[in-house]
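Text of the file query-v9.csv, holding CSV, C-alpha atoms and all ligand atoms:
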```csv
chain,number,residue,atom,x,y,z
A,83,MET,CA,0.0,0.0,0.0
A,84,SER,CA,1.4,3.4,-0.9
A,85,ASN,CA,1.5,5.8,1.9
A,86,ILE,CA,1.9,9.2,0.3
A,87,THR,CA,0.3,12.3,1.7
A,88,ARG,CA,0.1,15.7,-0.1
A,89,HIS,CA,-0.2,19.0,1.8
A,90,TYR,CA,-1.3,22.0,-0.2
A,91,ALA,CA,-0.7,25.5,1.1
A,92,GLN,CA,-3.6,27.9,0.8
A,93,GLY,CA,-1.9,31.2,0.6
A,94,LYS,CA,1.0,30.2,-1.7
A,95,ASP,CA,1.9,27.8,-4.5
A,96,ILE,CA,3.5,25.0,-2.5
A,97,VAL,CA,2.8,21.3,-2.1
A,98,ILE,CA,4.7,19.1,0.4
A,99,ILE,CA,4.6,15.4,-0.5
A,100,ILE,CA,5.6,12.9,2.0
A,101,ASP,CA,6.1,9.2,1.4
A,102,ARG,CA,5.7,7.6,4.9
A,103,ASN,CA,7.0,4.3,3.7
A,104,LEU,CA,10.3,5.8,2.7
A,105,CYS,CA,10.7,8.1,5.8
A,106,LYS,CA,13.0,6.6,8.5
A,107,GLY,CA,12.4,9.4,11.0
A,108,CYS,CA,16.0,10.6,11.1
A,109,ASP,CA,15.0,14.1,12.0
A,110,ILE,CA,17.3,15.8,9.5
A,111,CYS,CA,14.5,17.6,7.6
A,112,VAL,CA,12.9,18.8,10.8
A,113,GLN,CA,16.2,20.3,12.0
A,114,VAL,CA,17.0,22.1,8.7
A,115,CYS,CA,13.5,23.6,8.5
A,116,THR,CA,13.8,27.0,10.1
A,117,PRO,CA,10.1,28.0,10.0
A,118,GLY,CA,9.1,24.8,11.9
A,119,THR,CA,6.9,23.4,9.1
A,120,LEU,CA,7.7,19.8,10.0
A,121,GLU,CA,7.7,17.6,13.1
A,122,LEU,CA,8.6,14.1,14.1
A,123,VAL,CA,5.9,11.9,15.5
A,124,ASP,CA,5.9,8.4,17.0
A,125,ALA,CA,5.4,5.6,14.5
A,126,PRO,CA,5.0,2.3,16.5
A,127,ASP,CA,4.3,0.5,13.2
A,128,LYS,CA,7.7,1.3,11.8
A,129,TRP,CA,11.0,-0.2,13.2
A,130,GLU,CA,12.6,3.2,13.3
A,131,GLY,CA,9.8,4.3,15.8
A,132,SER,CA,9.3,7.7,14.3
A,133,VAL,CA,8.2,9.4,11.1
A,134,VAL,CA,8.0,13.0,9.8
A,135,GLN,CA,4.7,14.8,9.6
A,136,VAL,CA,3.7,18.3,8.4
A,137,LYS,CA,2.8,20.5,11.3
A,138,ASP,CA,1.7,23.5,9.4
A,139,VAL,CA,2.1,23.7,5.6
A,140,GLU,CA,1.4,27.4,5.7
A,141,LEU,CA,4.7,28.1,7.4
A,142,CYS,CA,6.7,26.7,4.5
A,143,ASN,CA,8.9,29.2,2.7
A,144,PHE,CA,9.8,26.9,-0.2
A,145,CYS,CA,13.5,26.8,0.6
A,146,ARG,CA,13.5,23.1,-0.3
A,147,LEU,CA,16.2,22.3,2.2
A,148,CYS,CA,14.3,19.4,3.7
A,149,GLU,CA,14.0,17.8,0.2
A,150,ILE,CA,17.7,18.3,-0.6
A,151,GLN,CA,18.9,17.0,2.8
A,152,CYS,CA,16.5,14.0,3.2
A,153,PRO,CA,18.7,10.9,2.6
A,154,ASP,CA,15.6,8.8,1.8
A,155,PHE,CA,13.8,10.5,-1.0
A,156,ALA,CA,10.8,10.7,1.4
A,157,ILE,CA,9.9,14.4,1.2
A,158,ARG,CA,9.3,16.6,-1.8
A,159,VAL,CA,8.4,20.3,-1.9
A,160,VAL,CA,7.2,21.4,-5.3
A,161,LYS,CA,5.0,23.9,-7.0
A,162,LYS,CA,1.5,22.8,-7.9
A,163,ALA,CA,2.3,22.7,-11.6
A,164,GLU,CA,5.3,20.5,-10.9
A,165,GLU,CA,3.4,17.9,-9.0
A,166,GLU,CA,2.0,16.2,-12.1
A,167,GLY,CA,4.5,13.7,-13.6
A,168,LEU,CA,6.6,13.1,-10.6
A,169,THR,CA,7.6,9.5,-10.2
A,170,MET,CA,6.5,8.0,-6.9
A,171,ALA,CA,7.7,4.9,-5.2
A,172,LYS,CA,5.4,2.0,-6.1
A,173,GLY,CA,6.9,-0.2,-3.4
A,174,LYS,CA,4.3,-2.1,-1.4
A,175,LYS,CA,6.7,-2.7,1.5
A,176,THR,CA,7.1,-0.5,4.5
A,177,SER,CA,10.5,-0.2,6.0
A,178,ALA,CA,9.2,-2.3,8.9
A,179,GLU,CA,9.4,-5.4,6.7
B,107,MET,CA,12.6,23.0,-11.5
B,108,ALA,CA,11.8,20.1,-9.4
B,109,VAL,CA,14.1,17.1,-10.0
B,110,ASP,CA,12.2,13.9,-10.6
B,111,TYR,CA,14.6,11.8,-8.4
B,112,LEU,CA,12.7,8.6,-8.6
B,113,HIS,CA,12.9,8.6,-12.4
B,114,TYR,CA,16.6,7.9,-11.9
B,115,LEU,CA,16.0,5.2,-9.2
B,116,ARG,CA,14.7,1.7,-9.1
B,117,ALA,CA,11.8,2.9,-7.1
B,118,ASP,CA,10.6,-0.7,-6.3
B,119,LYS,CA,13.9,-1.2,-4.4
B,120,LEU,CA,13.1,1.6,-1.9
B,121,PRO,CA,13.4,2.2,1.0
B,122,HIS,CA,17.2,1.7,0.6
B,123,MET,CA,19.3,-0.3,3.1
B,124,TRP,CA,21.2,2.6,4.6
B,125,CYS,CA,20.7,3.5,8.2
B,126,PRO,CA,18.2,6.3,9.1
B,127,GLY,CA,20.1,9.6,8.4
B,128,CYS,CA,23.0,8.1,6.6
B,129,GLY,CA,24.8,10.7,4.4
B,130,ILE,CA,25.1,8.3,1.4
B,131,GLY,CA,21.5,9.0,0.6
B,132,ILE,CA,22.3,12.7,0.4
B,133,VAL,CA,25.3,12.1,-1.9
B,134,VAL,CA,23.1,9.9,-4.2
B,135,LYS,CA,20.5,12.6,-4.3
B,136,SER,CA,23.0,15.3,-5.1
B,137,MET,CA,24.4,13.0,-7.8
B,138,ILE,CA,21.0,12.6,-9.4
B,139,GLY,CA,20.5,16.4,-9.2
B,140,ALA,CA,23.7,16.9,-11.0
B,141,ILE,CA,22.9,14.3,-13.7
B,142,ASP,CA,19.5,15.9,-14.1
B,143,ALA,CA,21.0,19.4,-14.4
B,144,LEU,CA,23.4,18.3,-17.1
B,145,GLY,CA,20.5,16.6,-19.0
B,146,TRP,CA,22.3,13.3,-19.1
B,147,ASP,CA,20.3,10.4,-20.4
B,148,LYS,CA,20.2,7.7,-17.7
B,149,ASN,CA,20.5,5.1,-20.4
B,150,GLU,CA,23.8,6.6,-21.6
B,151,THR,CA,25.2,6.7,-18.1
B,152,ALA,CA,27.0,3.9,-16.2
B,153,VAL,CA,27.5,3.8,-12.5
B,154,VAL,CA,30.2,1.5,-11.1
B,155,SER,CA,31.0,0.6,-7.5
B,156,GLY,CA,33.1,-1.8,-5.5
B,157,ILE,CA,32.2,-3.0,-2.0
B,158,GLY,CA,30.9,-1.2,1.1
B,159,CYS,CA,27.9,0.7,2.2
B,160,THR,CA,28.5,3.3,-0.5
B,161,SER,CA,28.9,0.7,-3.1
B,162,ARG,CA,25.3,-0.4,-2.7
B,163,ALA,CA,24.3,2.9,-4.4
B,164,PRO,CA,24.2,1.5,-8.0
B,165,GLY,CA,21.8,-1.1,-6.9
B,166,TYR,CA,19.2,1.6,-6.5
B,167,MET,CA,20.0,3.5,-9.6
B,168,ASP,CA,18.0,2.9,-12.8
B,169,MET,CA,21.0,3.2,-15.0
B,170,ASN,CA,23.7,0.9,-16.4
B,171,THR,CA,25.1,-0.3,-13.2
B,172,LEU,CA,27.9,-2.5,-12.1
B,173,HIS,CA,28.5,-3.7,-8.5
B,174,THR,CA,32.0,-5.2,-8.6
B,175,THR,CA,34.7,-6.3,-6.2
B,176,HIS,CA,36.3,-4.5,-3.3
B,177,GLY,CA,38.5,-1.6,-4.5
B,178,ARG,CA,38.3,-2.6,-8.2
B,179,ALA,CA,35.4,-0.3,-9.3
B,180,LEU,CA,37.8,1.9,-11.3
B,181,THR,CA,39.2,-1.0,-13.2
B,182,PHE,CA,35.8,-2.1,-14.4
B,183,ALA,CA,34.8,1.6,-15.0
B,184,THR,CA,38.0,2.0,-17.1
B,185,GLY,CA,36.9,-1.0,-19.2
B,186,VAL,CA,33.5,0.5,-19.7
B,187,LYS,CA,34.9,3.8,-20.7
B,188,MET,CA,37.4,2.3,-23.1
B,189,ALA,CA,34.7,0.2,-24.8
B,190,ALA,CA,32.2,3.1,-24.9
B,191,PRO,CA,34.1,6.4,-24.7
B,192,ASP,CA,30.9,8.4,-25.6
B,193,LYS,CA,29.1,7.2,-22.6
B,194,HIS,CA,29.1,8.8,-19.1
B,195,VAL,CA,30.9,6.8,-16.5
B,196,ILE,CA,30.7,7.4,-12.8
B,197,VAL,CA,32.3,5.5,-10.0
B,198,ILE,CA,30.9,5.8,-6.4
B,199,ALA,CA,33.1,4.5,-3.7
B,200,GLY,CA,33.8,4.7,0.0
B,201,ASP,CA,37.0,5.9,1.7
B,202,GLY,CA,38.3,2.4,2.4
B,203,ASP,CA,37.3,1.1,-1.0
B,204,SER,CA,39.0,3.9,-2.9
B,205,SER,CA,42.1,4.7,-0.8
B,206,ALA,CA,43.0,1.4,0.9
B,207,ILE,CA,41.9,-1.7,-1.0
B,208,GLY,CA,41.6,0.3,-4.3
B,209,GLY,CA,44.4,2.9,-3.5
B,210,ASN,CA,46.6,1.6,-6.3
B,211,HIS,CA,43.8,1.8,-8.9
B,212,PHE,CA,42.9,5.2,-7.7
B,213,ILE,CA,46.3,6.8,-8.1
B,214,HIS,CA,46.8,5.3,-11.6
B,215,ALA,CA,43.3,6.4,-12.8
B,216,CYS,CA,44.3,9.9,-11.6
B,217,ARG,CA,47.6,9.6,-13.5
B,218,ARG,CA,45.9,8.4,-16.7
B,219,ASN,CA,43.3,11.2,-16.7
B,220,ILE,CA,40.6,9.0,-18.1
B,221,ASP,CA,37.2,10.8,-18.4
B,222,ILE,CA,35.5,9.1,-15.4
B,223,THR,CA,33.9,10.9,-12.5
B,224,MET,CA,34.9,9.4,-9.2
B,225,ILE,CA,32.7,10.2,-6.2
B,226,ILE,CA,34.3,9.3,-2.9
B,227,VAL,CA,31.9,9.2,0.1
B,228,ASN,CA,34.3,9.7,2.9
B,229,ASN,CA,32.7,8.8,6.2
B,230,ASN,CA,36.1,8.0,7.9
B,231,ILE,CA,35.3,4.3,8.6
B,232,TYR,CA,34.4,0.9,7.2
B,233,GLY,CA,30.7,1.0,7.9
B,234,MET,CA,29.5,-2.2,6.4
B,235,THR,CA,32.1,-4.5,7.9
B,236,GLY,CA,31.7,-3.3,11.5
B,237,GLY,CA,33.5,0.0,12.0
B,238,GLN,CA,37.2,-0.8,11.4
B,239,PHE,CA,39.4,2.3,11.0
B,240,SER,CA,40.2,3.4,7.4
B,241,PRO,CA,43.0,5.5,5.9
B,242,THR,CA,40.8,8.6,6.5
B,243,THR,CA,39.9,7.9,10.2
B,244,PRO,CA,41.0,11.1,12.0
B,245,TYR,CA,44.0,10.9,14.3
B,246,GLY,CA,42.8,10.1,17.8
B,247,ALA,CA,39.3,8.8,16.7
B,248,LYS,CA,37.9,5.5,18.0
B,249,ALA,CA,37.0,2.7,15.7
B,250,ALA,CA,36.3,-1.0,16.3
B,251,THR,CA,40.0,-1.7,15.6
B,252,THR,CA,41.3,1.4,17.4
B,253,PRO,CA,39.5,1.2,20.7
B,254,HIS,CA,42.1,3.4,22.4
B,255,GLY,CA,42.2,6.0,19.6
B,256,ASN,CA,43.8,6.0,16.2
B,257,ILE,CA,47.5,6.7,15.9
B,258,ASP,CA,47.7,6.7,12.1
B,259,PRO,CA,47.7,10.0,10.3
B,260,ALA,CA,44.7,10.3,7.9
B,261,PHE,CA,45.0,10.7,4.1
B,262,ASP,CA,43.8,14.0,2.6
B,263,LEU,CA,42.0,12.4,-0.4
B,264,GLY,CA,41.9,15.7,-2.3
B,265,GLN,CA,45.6,16.2,-2.1
B,266,LEU,CA,46.2,12.6,-2.9
B,267,ALA,CA,44.1,13.0,-6.1
B,268,ILE,CA,45.9,16.2,-7.1
B,269,GLY,CA,49.3,14.7,-6.5
B,270,ALA,CA,48.5,11.7,-8.6
B,271,GLY,CA,47.3,13.8,-11.5
B,272,ALA,CA,43.5,14.1,-11.4
B,273,THR,CA,42.4,17.1,-13.5
B,274,TYR,CA,39.3,18.1,-11.5
B,275,VAL,CA,39.3,17.8,-7.7
B,276,ALA,CA,36.6,19.2,-5.4
B,277,ARG,CA,35.3,18.5,-1.9
B,278,GLY,CA,31.8,19.0,-0.6
B,279,SER,CA,30.0,17.7,2.5
B,280,VAL,CA,26.6,16.2,3.2
B,281,ASP,CA,25.5,19.1,5.4
B,282,ASN,CA,25.2,21.1,2.2
B,283,GLY,CA,23.6,19.1,-0.5
B,284,ARG,CA,23.3,22.1,-2.8
B,285,MET,CA,27.0,22.8,-2.8
B,286,LEU,CA,27.8,19.2,-3.2
B,287,GLN,CA,25.6,19.0,-6.2
B,288,LYS,CA,27.4,21.9,-7.8
B,289,TYR,CA,30.8,20.2,-7.5
B,290,LEU,CA,29.4,16.9,-8.7
B,291,LYS,CA,28.0,18.7,-11.8
B,292,ASP,CA,31.2,20.5,-12.6
B,293,GLY,CA,33.2,17.3,-12.1
B,294,MET,CA,30.8,15.3,-14.3
B,295,ALA,CA,31.0,18.0,-17.0
B,296,HIS,CA,34.8,18.0,-16.9
B,297,HIS,CA,36.6,16.1,-19.7
B,298,GLY,CA,39.2,14.1,-17.7
B,299,PHE,CA,39.5,12.3,-14.4
B,300,SER,CA,37.5,14.1,-11.8
B,301,VAL,CA,37.4,13.3,-8.1
B,302,ILE,CA,34.7,14.7,-5.8
B,303,GLU,CA,35.1,13.9,-2.2
B,304,ALA,CA,31.9,14.1,-0.2
B,305,LEU,CA,32.4,14.3,3.6
B,306,SER,CA,29.7,12.1,5.0
B,307,ASN,CA,28.3,10.8,8.3
B,308,CYS,CA,28.4,7.2,9.4
B,309,HIS,CA,26.9,7.8,12.8
B,310,THR,CA,26.3,4.1,13.2
B,311,GLN,CA,29.9,2.9,13.1
B,312,PHE,CA,32.0,6.1,13.5
B,313,GLY,CA,29.6,8.4,15.4
B,314,ARG,CA,28.6,5.7,17.9
B,315,ARG,CA,32.2,5.3,19.0
B,316,ASN,CA,32.9,9.0,19.1
B,317,LYS,CA,29.9,10.4,21.0
B,318,MET,CA,27.8,11.2,17.8
B,319,SER,CA,25.4,8.3,17.4
B,320,ASP,CA,22.7,10.7,16.3
B,321,PRO,CA,22.7,11.6,12.5
B,322,VAL,CA,21.7,15.2,13.2
B,323,VAL,CA,24.6,15.6,15.7
B,324,MET,CA,27.1,14.0,13.3
B,325,VAL,CA,26.0,16.1,10.3
B,326,GLU,CA,26.3,19.2,12.5
B,327,TRP,CA,29.9,18.0,13.5
B,328,ILE,CA,30.8,17.9,9.8
B,329,ALA,CA,29.1,21.3,9.2
B,330,ASN,CA,31.3,22.8,12.0
B,331,LYS,CA,34.5,21.3,10.6
B,332,VAL,CA,34.2,22.5,7.0
B,333,VAL,CA,35.2,25.9,5.7
B,334,THR,CA,34.8,27.0,2.1
B,335,LYS,CA,37.9,27.7,0.1
B,336,ALA,CA,36.9,31.3,-0.4
B,337,LYS,CA,36.4,31.8,3.4
B,338,ALA,CA,39.6,30.0,4.3
B,339,GLU,CA,41.7,32.3,2.2
B,340,LYS,CA,40.6,35.2,4.5
B,341,MET,CA,41.2,33.2,7.7
B,342,PRO,CA,44.4,33.3,9.9
B,343,PRO,CA,46.2,29.9,10.1
B,344,GLU,CA,45.3,29.4,13.8
B,345,GLU,CA,41.6,29.6,13.1
B,346,LEU,CA,42.0,27.0,10.3
B,347,GLU,CA,43.5,24.5,12.7
B,348,GLY,CA,41.5,21.3,12.4
B,349,LYS,CA,39.2,22.6,9.6
B,350,ILE,CA,38.6,20.9,6.3
B,351,ILE,CA,38.5,23.1,3.1
B,352,THR,CA,35.6,22.5,0.7
B,353,GLY,CA,35.3,23.8,-2.8
B,354,GLU,CA,37.0,23.3,-6.1
B,355,LEU,CA,40.5,22.4,-5.1
B,356,HIS,CA,42.1,21.9,-8.5
B,357,ARG,CA,41.4,22.1,-12.1
B,358,ASN,CA,43.5,21.5,-15.3
B,359,ASP,CA,41.8,21.6,-18.6
B,360,GLU,CA,45.0,21.3,-20.6
B,361,ARG,CA,46.1,17.7,-20.0
B,362,PRO,CA,45.1,15.2,-22.7
B,363,GLU,CA,42.3,12.8,-21.9
B,364,TYR,CA,43.1,9.1,-22.1
B,365,THR,CA,40.4,7.8,-24.5
B,366,ASP,CA,41.2,10.7,-26.8
B,367,GLU,CA,44.8,9.7,-26.7
B,368,TYR,CA,44.0,6.1,-27.4
B,369,SER,CA,41.8,6.8,-30.4
B,370,GLN,CA,44.5,9.1,-31.8
B,371,LEU,CA,47.0,6.3,-31.3
B,372,ILE,CA,44.8,3.8,-33.2
B,373,GLN,CA,44.6,6.3,-36.1
B,374,ARG,CA,48.3,6.9,-36.1
B,375,VAL,CA,49.1,3.2,-36.2
B,376,GLN,CA,46.4,2.4,-38.8
B,377,LYS,CA,47.7,5.2,-41.0
B,378,LYS,CA,51.2,3.9,-40.7
B,379,ALA,CA,50.0,0.4,-41.6
B,380,GLY,CA,48.0,1.7,-44.5
B,381,VAL,CA,44.6,0.6,-43.1
B,382,HIS,CA,41.7,2.5,-44.5
B,383,GLN,CA,39.0,3.7,-42.2
C,1,LIG,S1,10.8,23.7,2.0
C,1,LIG,FE1,12.0,24.7,3.6
C,1,LIG,S2,10.4,25.7,4.8
C,1,LIG,FE2,9.3,24.2,3.6
C,1,LIG,S3,9.1,22.4,4.8
C,1,LIG,FE3,11.0,22.2,3.7
C,1,LIG,S4,12.6,23.0,4.9
C,1,LIG,FE4,10.7,23.7,5.8
C,2,LIG,S1,14.9,13.6,6.4
C,2,LIG,FE1,13.7,12.2,5.2
C,2,LIG,S2,13.8,10.3,6.2
C,2,LIG,FE2,14.6,11.8,7.7
C,2,LIG,S3,12.7,12.3,8.9
C,2,LIG,FE3,12.8,13.8,7.2
C,2,LIG,S4,11.5,12.8,5.6
C,2,LIG,FE4,12.0,11.3,7.1
C,3,LIG,S1,26.7,1.7,8.6
C,3,LIG,FE1,27.3,3.9,8.4
C,3,LIG,S2,27.8,4.1,6.2
C,3,LIG,FE2,26.7,2.2,6.5
C,3,LIG,S3,24.5,2.7,6.1
C,3,LIG,FE3,24.9,2.9,8.3
C,3,LIG,S4,25.4,5.0,8.7
C,3,LIG,FE4,25.6,4.6,6.5
```
Go through the file and emit its structure as structure tokens.
Amino acid sequence: MSNITRHYAQGKDIVIIIDRNLCKGCDICVQVCTPGTLELVDAPDKWEGSVVQVKDVELCNFCRLCEIQCPDFAIRVVKKAEEEGLTMAKGKKTSAE
Amino acid sequence: MAVDYLHYLRADKLPHMWCPGCGIGIVVKSMIGAIDALGWDKNETAVVSGIGCTSRAPGYMDMNTLHTTHGRALTFATGVKMAAPDKHVIVIAGDGDSSAIGGNHFIHACRRNIDITMIIVNNNIYGMTGGQFSPTTPYGAKAATTPHGNIDPAFDLGQLAIGAGATYVARGSVDNGRMLQKYLKDGMAHHGFSVIEALSNCHTQFGRRNKMSDPVVMVEWIANKVVTKAKAEKMPPEELEGKIITGELHRNDERPEYTDEYSQLIQRVQKKAGVHQ
């Protein structure tokens, strides 16, 4: 089952896309995000025990640092027009398997 | 423009095997960003590796990939480039793979100046095999095989590459993926042997033994250690103590490239022998 969530900002042209299956909860993106858009939450279903979540998409300033620094291709920050045509992981596995 | 990372990856193989927060993922991402920016066709690109955590990278890349033996990635890559000089050839290797087991191949590939891009993920340790110290483990650091601290001086891979004759040498670090991508792009575009060292975090094997088991803490440690070349030029020597310089360290666009030399050699010999082309 794919586990992709999309978060659309209201005020600006920003979409944050998170693939929960790919995220390993390393906290790197949360730490590089200066406005505090992201947070780490418990994920008892994953062996890593935590996963990233969008706290408030409206805070995002489109710096894309989270996307560049995520070692796991788990978070994307794009414009709405760029969303179409992005390849997504089709893997059915979660990292718990 | 958004980079379609997963277009270049075997998406069904994800999540990859690297530890949460491992810098190798950031290097692979920067590498894809560079390939995308250059407009290289993934079907015209070969990625070759040896053995180690870093050497698992080609397994995830949807390109022409070779996962070979320990330290020998450059020999296979040389074969690929000689057989298909119009294709792009990239080697991705760890510090041990490139400077210990493959040290000999490394210096001779530099000397030859063959048009291959060599990406060295330097995380100062043998991650996959259990944290043994490598030629780049810092003096004094702890590893599985240096429990009381390392007494070997570390290699400066950039200087080693320059001394051996590489014609493009740069260093970046995983705390700054954007900068790393720039040097990877310039190195890939360079016609000759290019070496890009990426300082990376192995918090699992190196960090754990040196009070940095958290990836964020270890990436921060790297960020505090590096100084850009431009900044370093303005700093007094005492402030540069213990720092590592990042940036484009060396470039020579004059030296002949090896596959060009080889094709000219063939032409010369054929002409002499009266062979028509
Ligand atoms: S793009 Fe920048 S501001 Fe937006 S979530 Fe990522 S790091 Fe935070
Ligand atoms: S950097 Fe990537 S893997 Fe790490 S917590 Fe953020 S989204 Fe997850
Ligand atoms: S052992 Fe070290 S180099 Fe290997 S995947 Fe884990 S953090 Fe990365």
inquiry  = Residues within 8 Å of Thr223 of chain B, please, as a VMD selection string. Count all atoms listed in the file; anything in the same chain fewer than 5 positions from it doesn't count.
reply    = chain B and resid 195 to 197 293 to 294 299 to 302
task = Compare A:Leu168, A:Ala163, A:Cys152, A:Leu147 by their minimum atom-to-atom distance to Thr116 of chain A, counting all atoms listed in the file, and give me the closest one.
result = A:Leu147
Chain A residues near chain B (9 Å cut-off, all atoms listed in the file) as a PDB file with C-alpha atoms, in the coordinates of the input:
```pdb
ATOM      1  CA  ASN A 103       7.000   4.300   3.700  1.00  0.00           C
ATOM      2  CA  LEU A 104      10.300   5.800   2.700  1.00  0.00           C
ATOM      3  CA  CYS A 105      10.700   8.100   5.800  1.00  0.00           C
ATOM      4  CA  LYS A 106      13.000   6.600   8.500  1.00  0.00           C
ATOM      5  CA  GLY A 107      12.400   9.400  11.000  1.00  0.00           C
ATOM      6  CA  CYS A 108      16.000  10.600  11.100  1.00  0.00           C
ATOM      7  CA  ASP A 109      15.000  14.100  12.000  1.00  0.00           C
ATOM      8  CA  ILE A 110      17.300  15.800   9.500  1.00  0.00           C
ATOM      9  CA  GLN A 113      16.200  20.300  12.000  1.00  0.00           C
ATOM     10  CA  GLU A 130      12.600   3.200  13.300  1.00  0.00           C
ATOM     11  CA  LEU A 147      16.200  22.300   2.200  1.00  0.00           C
ATOM     12  CA  ILE A 150      17.700  18.300  -0.600  1.00  0.00           C
ATOM     13  CA  GLN A 151      18.900  17.000   2.800  1.00  0.00           C
ATOM     14  CA  CYS A 152      16.500  14.000   3.200  1.00  0.00           C
ATOM     15  CA  PRO A 153      18.700  10.900   2.600  1.00  0.00           C
ATOM     16  CA  ASP A 154      15.600   8.800   1.800  1.00  0.00           C
ATOM     17  CA  PHE A 155      13.800  10.500  -1.000  1.00  0.00           C
ATOM     18  CA  ALA A 156      10.800  10.700   1.400  1.00  0.00           C
ATOM     19  CA  ARG A 158       9.300  16.600  -1.800  1.00  0.00           C
ATOM     20  CA  VAL A 159       8.400  20.300  -1.900  1.00  0.00           C
ATOM     21  CA  VAL A 160       7.200  21.400  -5.300  1.00  0.00           C
ATOM     22  CA  LYS A 161       5.000  23.900  -7.000  1.00  0.00           C
ATOM     23  CA  GLU A 164       5.300  20.500 -10.900  1.00  0.00           C
ATOM     24  CA  GLU A 165       3.400  17.900  -9.000  1.00  0.00           C
ATOM     25  CA  GLY A 167       4.500  13.700 -13.600  1.00  0.00           C
ATOM     26  CA  LEU A 168       6.600  13.100 -10.600  1.00  0.00           C
ATOM     27  CA  THR A 169       7.600   9.500 -10.200  1.00  0.00           C
ATOM     28  CA  MET A 170       6.500   8.000  -6.900  1.00  0.00           C
ATOM     29  CA  ALA A 171       7.700   4.900  -5.200  1.00  0.00           C
ATOM     30  CA  LYS A 172       5.400   2.000  -6.100  1.00  0.00           C
ATOM     31  CA  GLY A 173       6.900  -0.200  -3.400  1.00  0.00           C
ATOM     32  CA  LYS A 174       4.300  -2.100  -1.400  1.00  0.00           C
ATOM     33  CA  LYS A 175       6.700  -2.700   1.500  1.00  0.00           C
ATOM     34  CA  THR A 176       7.100  -0.500   4.500  1.00  0.00           C
ATOM     35  CA  SER A 177      10.500  -0.200   6.000  1.00  0.00           C
TER      36      SER A 177
END
```
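When atom CA of Val227 of chain B is paired with atom CA of Gly271 of chain B, their separation reads 19.8 Å.
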Site check for ligand LIG 3 (chain C): residues at most 6 Å away, all atoms listed in the file, as a PDB file with C-alpha atoms, keeping the file's coordinate frame:
```pdb
ATOM      1  CA  TRP B 124      21.200   2.600   4.600  1.00  0.00           C
ATOM      2  CA  CYS B 125      20.700   3.500   8.200  1.00  0.00           C
ATOM      3  CA  CYS B 128      23.000   8.100   6.600  1.00  0.00           C
ATOM      4  CA  CYS B 159      27.900   0.700   2.200  1.00  0.00           C
ATOM      5  CA  GLY B 233      30.700   1.000   7.900  1.00  0.00           C
ATOM      6  CA  MET B 234      29.500  -2.200   6.400  1.00  0.00           C
ATOM      7  CA  CYS B 308      28.400   7.200   9.400  1.00  0.00           C
ATOM      8  CA  HIS B 309      26.900   7.800  12.800  1.00  0.00           C
ATOM      9  CA  THR B 310      26.300   4.100  13.200  1.00  0.00           C
ATOM     10  CA  GLN B 311      29.900   2.900  13.100  1.00  0.00           C
TER      11      GLN B 311
END
```
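Proximity to segment 248-255 of chain B at 6 Å, evaluated using only C-alpha atoms and with sequence-adjacent residues fewer than 5 positions away removed, yields B:Gly237, B:Gln238, B:Phe239, B:Arg315.
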query = Which residue gives the smallest distance to His89 of chain A among A:Ala125, A:Cys115, A:Cys145, A:Val136, with only C-alpha atoms counted?
reply = A:Val136
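Nearest residue to ligand LIG 1 (chain C), choosing from A:Ile100, A:Val134, A:Leu122, A:Cys142 and counting all atoms listed in the file: A:Cys142.
A straight line drawn from atom CA of Tyr364 of chain B to atom CA of Cys216 of chain B is 10.6 Å long.
Reported to one decimal place, the separation of atom CA of Val123 of chain A from atom S1 of ligand LIG 2 (chain C) is 12.9 Å.
Each of B:Thr352, B:Asn219, B:Thr151, B:Thr175 was checked against Ala270 of chain B using only C-alpha atoms; the smallest atom-to-atom distance is that of B:Asn219.
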message = Which residues are near Ile86 of chain A? Cut-off 7 Å, all atoms listed in the file, ignore same chain within fewer than 3 positions. Put them as a PyMOL selection string.
response = chain A and resi 99-102
Contact residues around Ala190 of chain B with only C-alpha atoms at 12 Å, ignoring same-chain residues under 5 positions, as JSON, numbers by chain = {"B": [150, 151, 152, 183, 184, 185, 195, 221, 222, 365, 366, 369]}
query = Which residues, written as a PyMOL selection string, have at least one atom at most 12 Å from Ser155 of chain B, with all atoms listed in the file counted and residues fewer than 5 positions away on the same chain left out?
reply = chain B and resi 160-167+170-184+195-200+203-204+208+223-227
ask   = For ligand LIG 2 (chain C), which of A:Cys111, A:Gly118, A:Lys137, A:Asp124 is the closest residue, counting all atoms listed in the file?
value = A:Cys111
query = Using all atoms listed in the file, what residues lie at most 12 Å away from (44.3, 13.6, -6.9) (file coordinates), given as JSON, numbers by chain?
reply = {"B": [204, 205, 209, 211, 212, 213, 214, 215, 216, 217, 218, 219, 224, 226, 261, 262, 263, 264, 265, 266, 267, 268, 269, 270, 271, 272, 273, 274, 275, 276, 277, 298, 299, 300, 301, 302, 303, 355, 356, 357, 358]}
task = Just give me the residues with any atom within 7 Å of (32.9, 9.0, 5.7), file coordinates, counting all atoms listed in the file, written as a PyMOL selection string.
result = chain B and resi 201+227-231+305-308
